[in-house]
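Data from coords_13.cif: mmCIF, C-alpha atoms
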data_target
loop_
_atom_site.label_atom_id
_atom_site.label_comp_id
_atom_site.auth_asym_id
_atom_site.auth_seq_id
_atom_site.Cartn_x
_atom_site.Cartn_y
_atom_site.Cartn_z
CA MET A 1 229.07 197.33 260.86
CA GLU A 2 228.93 196.25 264.50
CA ARG A 3 230.18 192.83 265.53
CA LEU A 4 229.00 190.68 268.42
CA LYS A 5 231.74 189.74 270.90
CA ILE A 6 231.20 186.25 272.32
CA ALA A 7 233.27 184.98 275.24
CA ILE A 8 234.01 181.27 275.46
CA GLN A 9 236.23 179.16 277.69
CA LYS A 10 239.87 179.29 276.56
CA SER A 11 240.51 175.70 277.62
CA GLY A 12 238.34 173.08 279.23
CA ARG A 13 235.31 170.92 278.65
CA LEU A 14 233.22 173.71 277.10
CA THR A 15 235.81 174.86 274.57
CA GLU A 16 235.45 172.05 272.06
CA ASP A 17 231.66 171.94 272.36
CA SER A 18 231.41 175.70 271.80
CA GLN A 19 233.67 175.56 268.74
CA GLN A 20 231.68 172.63 267.38
CA LEU A 21 228.46 174.62 267.79
CA PHE A 22 229.78 177.46 265.64
CA SER A 23 231.04 174.97 263.06
CA GLU A 24 227.60 173.32 262.85
CA CYS A 25 226.12 176.78 262.30
CA SER A 26 228.49 177.21 259.30
CA ILE A 27 230.40 179.99 261.06
CA ASP A 28 234.12 179.96 260.37
CA ILE A 29 236.30 181.00 263.32
CA GLN A 30 240.04 181.56 263.21
CA ASP A 31 242.06 179.40 265.61
CA GLY A 32 242.09 181.27 268.90
CA LYS A 33 244.28 179.01 270.99
CA ARG A 34 247.21 181.41 270.77
CA GLN A 35 245.27 184.66 270.88
CA LEU A 36 242.60 186.38 272.93
CA LEU A 37 240.42 187.51 270.02
CA ALA A 38 239.39 185.31 267.06
CA PRO A 39 237.14 186.86 264.39
CA SER A 40 234.77 185.08 262.05
CA ALA A 41 235.24 185.78 258.35
CA ASN A 42 231.68 184.91 257.32
CA PHE A 43 229.51 186.07 260.26
CA PRO A 44 229.70 189.31 262.29
CA ILE A 45 231.03 187.82 265.54
CA ASP A 46 234.38 187.80 267.34
CA LEU A 47 235.28 185.15 269.91
CA LEU A 48 237.05 186.09 273.11
CA TYR A 49 238.93 183.15 274.68
CA LEU A 50 238.83 183.64 278.46
CA ARG A 51 238.97 181.81 281.78
CA ASP A 52 235.43 180.64 282.51
CA ASP A 53 235.42 182.34 285.94
CA ASP A 54 236.07 185.69 284.22
CA ILE A 55 233.36 185.40 281.57
CA PRO A 56 230.32 186.54 283.64
CA GLN A 57 231.96 189.80 284.71
CA TYR A 58 233.24 190.49 281.18
CA ILE A 59 229.66 190.22 279.91
CA ALA A 60 228.23 192.30 282.77
CA ASP A 61 230.83 195.02 282.12
CA GLY A 62 230.13 195.04 278.38
CA VAL A 63 233.62 193.89 277.38
CA ALA A 64 231.88 190.85 275.87
CA ASP A 65 228.30 190.98 274.65
CA VAL A 66 227.49 187.29 274.98
CA GLY A 67 229.16 184.25 276.51
CA ILE A 68 228.90 180.48 276.58
CA LEU A 69 229.23 179.25 280.13
CA GLY A 70 228.23 176.46 282.47
CA GLU A 71 225.12 177.35 284.46
CA ASN A 72 226.92 176.49 287.70
CA VAL A 73 229.71 179.01 287.02
CA TRP A 74 227.20 181.75 286.21
CA ILE A 75 225.08 181.14 289.33
CA GLU A 76 228.22 181.12 291.49
CA SER A 77 229.33 184.44 290.01
CA GLN A 78 226.10 186.17 291.10
CA THR A 79 226.14 188.47 288.05
CA GLU A 80 223.00 189.92 286.48
CA LEU A 81 222.81 188.45 282.98
CA ARG A 82 220.03 187.10 280.77
CA ILE A 83 219.77 183.60 279.38
CA ALA A 84 219.67 183.90 275.61
CA LYS A 85 219.61 180.14 275.02
CA ARG A 86 219.97 176.86 276.90
CA LEU A 87 222.37 174.95 274.68
CA GLY A 88 221.74 171.40 275.87
CA PHE A 89 225.37 170.24 276.08
CA ALA A 90 227.94 169.96 278.90
CA LYS A 91 225.23 168.63 281.20
CA CYS A 92 226.33 167.79 284.72
CA ARG A 93 225.28 168.25 288.33
CA LEU A 94 226.75 169.92 291.39
CA SER A 95 226.64 167.42 294.22
CA LEU A 96 227.62 166.91 297.82
CA ALA A 97 229.84 163.88 298.40
CA ILE A 98 231.23 162.19 301.49
CA PRO A 99 233.74 159.38 302.19
CA ARG A 100 232.40 156.07 300.90
CA GLY A 101 232.57 154.39 304.29
CA GLU A 102 230.45 157.02 306.02
CA LYS A 103 226.83 156.26 306.88
CA TYR A 104 224.44 158.79 305.34
CA GLU A 105 220.84 159.20 306.46
CA GLY A 106 219.99 162.67 305.21
CA ILE A 107 221.00 166.30 304.87
CA ASP A 108 221.47 166.65 308.66
CA TYR A 109 224.73 164.75 308.18
CA PHE A 110 226.32 168.04 307.09
CA ARG A 111 225.39 169.99 310.22
CA GLY A 112 228.66 171.33 311.64
CA LYS A 113 230.75 169.57 308.99
CA ARG A 114 233.59 171.09 306.96
CA ILE A 115 232.74 171.17 303.23
CA ALA A 116 235.35 171.93 300.56
CA THR A 117 234.08 173.43 297.31
CA THR A 118 234.79 175.83 294.46
CA TYR A 119 231.14 176.90 294.58
CA ALA A 120 230.88 178.52 298.00
CA ASN A 121 227.98 180.86 297.16
CA ILE A 122 225.81 178.08 295.76
CA VAL A 123 226.56 175.71 298.64
CA LYS A 124 225.90 178.35 301.33
CA LYS A 125 222.56 179.22 299.76
CA TYR A 126 221.58 175.56 299.40
CA LEU A 127 222.43 174.70 303.00
CA ALA A 128 220.73 177.85 304.31
CA GLU A 129 217.52 176.82 302.54
CA LYS A 130 217.80 173.43 304.26
CA GLY A 131 218.48 175.02 307.64
CA ILE A 132 221.96 173.48 307.86
CA ALA A 133 224.92 175.33 309.40
CA ALA A 134 228.25 174.07 308.08
CA GLU A 135 231.81 175.33 307.63
CA ILE A 136 232.57 176.09 303.98
CA HIS A 137 236.17 175.93 302.74
CA GLU A 138 236.47 177.62 299.34
CA ILE A 139 239.26 176.09 297.27
CA SER A 140 240.06 175.90 293.56
CA GLY A 141 241.05 172.69 291.83
CA SER A 142 241.39 169.13 293.14
CA VAL A 143 238.42 169.51 295.48
CA GLU A 144 237.96 165.74 295.59
CA ILE A 145 241.19 165.16 297.57
CA ALA A 146 240.13 167.44 300.46
CA PRO A 147 238.70 164.67 302.70
CA ASN A 148 241.74 162.42 302.15
CA ILE A 149 244.19 165.10 303.31
CA GLY A 150 242.08 166.14 306.30
CA LEU A 151 241.05 169.52 304.91
CA ALA A 152 237.32 168.76 304.94
CA ASP A 153 234.73 166.16 305.94
CA ALA A 154 232.90 166.40 302.62
CA ILE A 155 232.99 168.15 299.26
CA CYS A 156 230.62 169.78 296.81
CA ASP A 157 231.78 169.53 293.22
CA ILE A 158 230.73 169.01 289.60
CA VAL A 159 229.79 165.42 288.76
CA SER A 160 229.37 163.98 285.27
CA THR A 161 229.97 160.23 285.50
CA GLY A 162 230.98 159.90 289.15
CA SER A 163 234.24 158.13 288.29
CA THR A 164 236.39 160.86 289.88
CA LEU A 165 234.48 160.59 293.14
CA MET A 166 234.81 156.82 293.13
CA SER A 167 238.55 156.91 292.47
CA ASN A 168 238.95 159.20 295.48
CA GLY A 169 236.89 157.05 297.83
CA LEU A 170 233.84 159.31 297.82
CA LYS A 171 230.13 158.80 297.21
CA GLU A 172 227.54 161.26 295.95
CA VAL A 173 224.73 161.84 298.45
CA GLU A 174 222.89 165.07 297.53
CA THR A 175 222.35 166.91 294.25
CA VAL A 176 222.57 170.66 294.81
CA MET A 177 221.76 171.71 291.23
CA TYR A 178 221.77 170.53 287.63
CA SER A 179 223.78 172.46 285.08
CA GLU A 180 224.23 172.76 281.33
CA ALA A 181 225.88 175.17 278.92
CA LEU A 182 224.07 178.48 278.55
CA MET A 183 224.38 181.32 276.10
CA LEU A 184 224.27 184.38 278.35
CA ALA A 185 223.88 187.97 277.19
CA ASN A 186 224.30 191.49 278.50
CA HIS A 187 220.97 193.17 279.28
CA ASN A 188 221.84 196.29 277.28
CA LEU A 189 222.86 195.20 273.80
CA SER A 190 222.50 197.75 271.04
CA PRO A 191 219.72 197.05 268.51
CA GLU A 192 222.36 196.10 265.93
CA LYS A 193 224.05 193.60 268.25
CA GLU A 194 220.69 192.20 269.38
CA ALA A 195 219.83 191.58 265.72
CA ILE A 196 223.09 189.67 265.22
CA LEU A 197 222.38 187.61 268.36
CA GLN A 198 218.92 186.71 267.06
CA LYS A 199 220.39 185.59 263.72
CA LEU A 200 222.88 183.42 265.61
CA LEU A 201 220.12 181.92 267.77
CA PHE A 202 218.12 181.16 264.62
CA ARG A 203 221.04 179.10 263.29
CA ILE A 204 221.54 177.34 266.63
CA GLU A 205 217.87 176.39 266.82
CA ALA A 206 217.97 175.03 263.26
CA VAL A 207 220.94 172.84 264.16
CA ALA A 208 219.28 171.64 267.39
CA ALA A 209 216.05 170.75 265.58
CA ALA A 210 218.02 168.77 262.99
CA LYS A 211 219.76 166.73 265.69
CA GLN A 212 216.45 165.73 267.24
CA ASN A 213 214.85 164.58 264.00
CA LYS A 214 215.58 162.25 261.09
CA TYR A 215 214.40 162.22 257.49
CA ILE A 216 212.68 158.92 256.69
CA LEU A 217 211.93 157.40 253.29
CA LEU A 218 210.03 154.17 252.72
CA ASN A 219 208.10 152.25 250.07
CA ALA A 220 204.71 150.75 250.86
CA PRO A 221 201.51 149.49 249.22
CA ASN A 222 199.02 152.23 248.45
CA ASP A 223 196.30 150.57 250.52
CA SER A 224 198.56 150.91 253.63
CA MET A 225 199.34 154.61 253.16
CA ASP A 226 196.49 155.97 255.28
CA ALA A 227 197.45 153.74 258.20
CA ILE A 228 201.13 154.63 257.84
CA CYS A 229 200.33 158.35 257.73
CA ASN A 230 198.37 157.99 260.96
CA ILE A 231 201.39 156.66 262.84
CA LEU A 232 204.10 158.58 261.01
CA PRO A 233 203.09 162.21 260.63
CA GLY A 234 205.51 164.67 259.11
CA MET A 235 205.97 168.28 260.11
CA LYS A 236 202.56 168.89 258.52
CA SER A 237 201.88 165.66 256.61
CA PRO A 238 204.09 163.10 254.84
CA THR A 239 205.00 163.51 251.18
CA ILE A 240 203.76 160.62 249.03
CA LEU A 241 205.06 159.94 245.50
CA PRO A 242 203.89 157.12 243.18
CA LEU A 243 206.43 154.46 242.22
CA ALA A 244 206.85 152.90 238.79
CA GLN A 245 205.48 149.66 240.25
CA SER A 246 201.69 149.81 240.17
CA GLY A 247 199.98 149.95 243.56
CA TRP A 248 203.05 151.22 245.43
CA SER A 249 204.21 154.64 246.58
CA SER A 250 207.21 156.21 248.30
CA LEU A 251 206.59 158.11 251.53
CA HIS A 252 208.94 160.85 252.79
CA SER A 253 208.62 162.31 256.28
CA VAL A 254 210.47 163.76 259.27
CA VAL A 255 210.29 161.89 262.56
CA ASN A 256 211.67 162.50 266.01
CA GLU A 257 214.53 160.08 266.57
CA GLU A 258 213.25 159.14 270.05
CA ILE A 259 210.02 157.65 268.68
CA PHE A 260 211.35 156.12 265.44
CA TRP A 261 212.36 152.78 266.98
CA GLU A 262 208.96 152.50 268.63
CA LEU A 263 207.33 152.78 265.19
CA ILE A 264 209.55 150.52 263.11
CA ASP A 265 207.66 147.26 263.86
CA GLN A 266 204.32 148.93 263.07
CA LEU A 267 205.67 150.21 259.75
CA LYS A 268 206.95 146.77 258.76
CA ALA A 269 203.64 145.17 259.74
CA LEU A 270 201.88 147.57 257.35
CA GLY A 271 204.12 146.44 254.49
CA ALA A 272 206.75 149.18 254.52
CA GLN A 273 209.96 148.21 252.73
CA GLY A 274 213.29 149.83 251.85
CA ILE A 275 213.15 152.05 254.92
CA LEU A 276 215.90 154.68 254.91
CA VAL A 277 216.68 156.96 257.85
CA VAL A 278 218.82 159.97 256.91
CA PRO A 279 220.46 162.60 259.17
CA ILE A 280 219.31 166.20 258.75
CA GLU A 281 221.99 168.87 258.69
CA LYS A 282 219.73 171.90 259.29
CA MET A 283 215.99 172.14 259.91
CA ILE A 284 214.10 175.44 259.71
CA LEU A 285 210.83 175.27 261.61
#

In structure tokens, how does this file's structure come out?
Amino acid sequence: MERLKIAIQKSGRLTEDSQQLFSECSIDIQDGKRQLLAPSANFPIDLLYLRDDDIPQYIADGVADVGILGENVWIESQTELRIAKRLGFAKCRLSLAIPRGEKYEGIDYFRGKRIATTYANIVKKYLAEKGIAAEIHEISGSVEIAPNIGLADAICDIVSTGSTLMSNGLKEVETVMYSEALMLANHNLSPEKEAILQKLLFRIEAVAAAKQNKYILLNAPNDSMDAICNILPGMKSPTILPLAQSGWSSLHSVVNEEIFWELIDQLKALGAQGILVVPIEKMIL
């Protein structure tokens, strides 16, 4: 039986999130910190632990079938891959930043400036689209110190909270792109490997749907049930069960977590009591 080889970052911010994703999908992976290849005992996949910069080419060459990678790293690599799934974690942005004391009035600031970055291809394309000619210095690691040591006038780097920029006396002035973790795949997977990938994506989507929704249980008077159903629909319609107390029923439903707090006052006003909100582990749509 064929097995799907999935490349993930050996160490870094994506490693733990990727491992957690497989765990949530009930896929057991052997500890791969001390080895390149870590097989799963209960699902037909093997993990390859690699440097993130190497992952796109490994997938393109067919050494790995699939990989989990930051969108920014993939775009910078300029490799032809397909997006199998946007994973929704490791969200960040790639931004241009300048010394905090500098006056900034627009993108023309960068005309003729020296910009230090790990993402030279992305920055060159972005500036070309804006009609800006600048000098790009491609460096790896500690990009944020470049202006302080006189290497560059500005930088372009990954920003999550902005605290690193602030601690180095820099301020973010332009967002070049937004990024998140992607599951990327080779264009030419065999039918067997494509089938395994689709089974994996099915599990990932079930986990993602569960995170976005909560199971809600409440008791309410029967004469309020129609009104409650109108504001609290389930996936199709709520489940309603009679209680031992005459005139009362229990309602069970699934609700998107984002809207639950907007509904709670309306539910209480309609007489709802004993409201329980329960996490969902998996949800099959």

**Q.** Residues returned when the PyMOL selection byres ((chain A and resi 142) around 12) runs on this file, as a list of chain:residue names
**A.**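 In the shown coordinates, the PyMOL selection byres ((chain A and resi 142) around 12) covers A:Ala116, A:Thr117, A:Thr118, A:Glu138, A:Ile139, A:Ser140, A:Gly141, A:Val143, A:Glu144, A:Ile145, A:Ala146, A:Pro147, A:Asn148, A:Ile149, A:Leu151, A:Ile155, A:Cys156, A:Asp157, A:Ile158, A:Thr164, A:Leu165, A:Asn168.
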
Q: Just the residues within 6 Å of stretch 86-91 of chain A, please, counting all atoms listed in the file, with nothing from its chain fewer than 3 positions along; format it as a PyMOL selection string.
A: chain A and resi 179-182

For A:Gln198, find every residue with an atom within 12 Å (counting only C-alpha atoms), except residues of its own chain fewer than 6 positions away, and show them as a CSV table (one decimal) with C-alpha atoms, in the coordinates of the input.
chain,number,residue,atom,x,y,z
A,4,LEU,CA,229.0,190.7,268.4
A,66,VAL,CA,227.5,187.3,275.0
A,84,ALA,CA,219.7,183.9,275.6
A,85,LYS,CA,219.6,180.1,275.0
A,183,MET,CA,224.4,181.3,276.1
A,185,ALA,CA,223.9,188.0,277.2
A,189,LEU,CA,222.9,195.2,273.8
A,191,PRO,CA,219.7,197.0,268.5
A,192,GLU,CA,222.4,196.1,265.9
A,204,ILE,CA,221.5,177.3,266.6
A,205,GLU,CA,217.9,176.4,266.8

Q: I need the residue set behind the PyMOL selection byres ((chain A and resi 18-29) around 12) for this file; please write it as a PyMOL selection string.
A: chain A and resi 6-17+30-33+37-49+67-70+87-90+181-183+199-208+210-211+280-283

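Our summary of the geometry notes that atom CA of A:Asn256 is positioned 19.1 Å from atom CA of A:Gly274.
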
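Using all atoms listed in the file, the nearest neighbour of A:Ala154 within the list A:Asn121, A:Thr239, A:Ser95, A:Gln78 is A:Ser95.
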
Q: One decimal, Å: what's the distance from atom CA of A:Asn230 over to atom CA of A:Leu218, could you say?
A: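 Spanning atom CA of A:Asn230 to atom CA of A:Leu218 is a straight-line distance of 14.8 Å.
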
So that each row is one residue of stretch 175-249 of chain A with an atom at most 12 Å from stretch 122-127 of chain A, can you give its shortest atom pair and the distance in Å to one decimal, using all atoms listed in the file, rows by chain and rising number, as a Markdown table?
| residue | atom | partner | partner_atom | distance |
| --- | --- | --- | --- | --- |
| A:Thr175 | CA | A:Tyr126 | CA | 10.1 |
| A:Val176 | CA | A:Tyr126 | CA | 6.8 |
| A:Met177 | CA | A:Ile122 | CA | 8.8 |
| A:Tyr178 | CA | A:Ile122 | CA | 11.8 |

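What the PyMOL selection byres ((chain A and resi 108) around 9) picks from this file is Glu105, Gly106, Ile107, Tyr109, Phe110, Arg111, Lys130, Gly131 and Ile132 of chain A.
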
Q.
If I take atom CA of A:Phe260 and atom CA of A:Leu276, how far is one from the other in Å, to one decimal?
A.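 For atom CA of A:Phe260 relative to atom CA of A:Leu276, the distance reads 11.6 Å.
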
Q: Fewer than 6 positions away in the same chain doesn't count, so skip those; otherwise give me all residues within 12 Å of A:Asn219, counting only C-alpha atoms, as a VMD selection string.
A: chain A and resid 225 228 239 to 245 247 to 253 267 to 268 270 to 276

(Q) Measuring between only C-alpha atoms, which one of A:Glu257, A:Leu96, A:Gln266, A:Ala134 shows the shortest distance to A:Ala227? (A)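 Selected residue with least distance to A:Ala227: A:Gln266.
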
(Q) For a quick check of understanding, using only C-alpha atoms, which of A:Leu232, A:Gly162, A:Ile59, A:Ile216 has the smallest distance to A:Leu263? (A)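 Of the candidates, the smallest distance to A:Leu263 is held by A:Leu232.
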
Q. With all atoms listed in the file as the atoms that count, which of A:Lys171, A:Glu80, A:Asp61, A:Glu71 lies nearest to A:Tyr104?
A.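 Of the candidates, the smallest distance to A:Tyr104 is held by A:Lys171.
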
Q) Looking at A:Glu135, A:Glu194, A:Glu102, A:Asp65, which one is nearest to A:Leu170, with distances taken over all atoms listed in the file? A) A:Glu102
